[in-house]
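Each remark here refers to the structure printed beneath this line.
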Amino acid sequence: MSEIPDPGTCRSSVELQIARVIVVSLEQATVNVRCLRGPVRRGARFNCLRGSVQALDLTLTQAVVYGHRVTELDTGLTAFVTLRGEGVQHLMTGTLASGWQVIEGANPLP
């Protein structure tokens, strides 16, 4: 995995807010998210957990909106997404008191 990013230097073109972690295994998580900056396309890579020094290398492999698989999430949509890669163990369900995590990254090149 690459070097741990400085939280102040994360630059992203896409952002997902973690609402709830549904299932997590060693290298995969199913997560309920809200798209804060999109569109987020299948294949998007997330390498930064806002406000944290934890290293991530996650790829969005699937997004489901209202029971239908979609190839991208527009800003404002909520969805269930599958993320694969290193760092899934750092994803946590948010609360009003603790706040919500935001993962930042970029879409795949066309």
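Residues are referred to by chain and number: the chain letter is A, B, ... according to the order shown in the structure tokens, the number counts from 1 in that chain, and ligands are numbered separately from 1 in the order shown.
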
Write out as a ChimeraX atom specification which residues come within 9 Å of A:Val81 when counting only C-alpha atoms, dropping same-chain ones fewer than 6 positions away.
/A:29-33,60-65

Name the residues of chain A that fall into strand (DSSP E) according to DSSP on the backbone, using the chain letters and numbers of this document, as an MDAnalysis selection string.
chainID A and resid 14:24 28:37 40:41 45:49 55:65 68:70 72:73 78:86 102:106

Choose the residue, out of A:Gly94, A:Gly105, A:Gly51, A:Gly99, that has the smallest atom-to-atom separation from A:Gly38; count only C-alpha atoms.
A:Gly105

What is the distance between atom CA of A:Arg45 and atom CA of A:Leu58, in Å to one decimal?
5.6 Å

Select, from A:Thr78, A:Glu72, A:Val21, A:Arg34, the residue with the minimum atom-to-atom distance to A:His90, counting only C-alpha atoms.
A:Val21

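Of the listed residues A:Leu91, A:Val14, A:Leu77, A:Leu83, the one whose atoms come nearest to A:Leu49 is A:Leu91, with distances taken using only C-alpha atoms.
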
Looking at only C-alpha atoms, which of A:Gly76, A:Gly43, A:Gly87, A:Pro108 is the one that sits closest to A:Thr59?
A:Gly43

Using only C-alpha atoms: which of A:Ile22, A:Val102, A:Val70, A:Ala79 has the shortest distance to A:Arg37:
A:Val102

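Candidate residues A:Ser13, A:Arg20, A:Tyr66, A:Leu109 were compared for distance to A:Thr95, and the nearest is A:Arg20, using only C-alpha atoms.
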
Residues near A:Leu36, anyone? I mean within 7 Å using only C-alpha atoms, not counting same-chain ones fewer than 5 positions away, as a VMD selection string.
chain A and resid 15 to 17 75 to 76

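Separating atom CA of A:Ala55 from atom CA of A:Arg69 is a distance of 28.1 Å.
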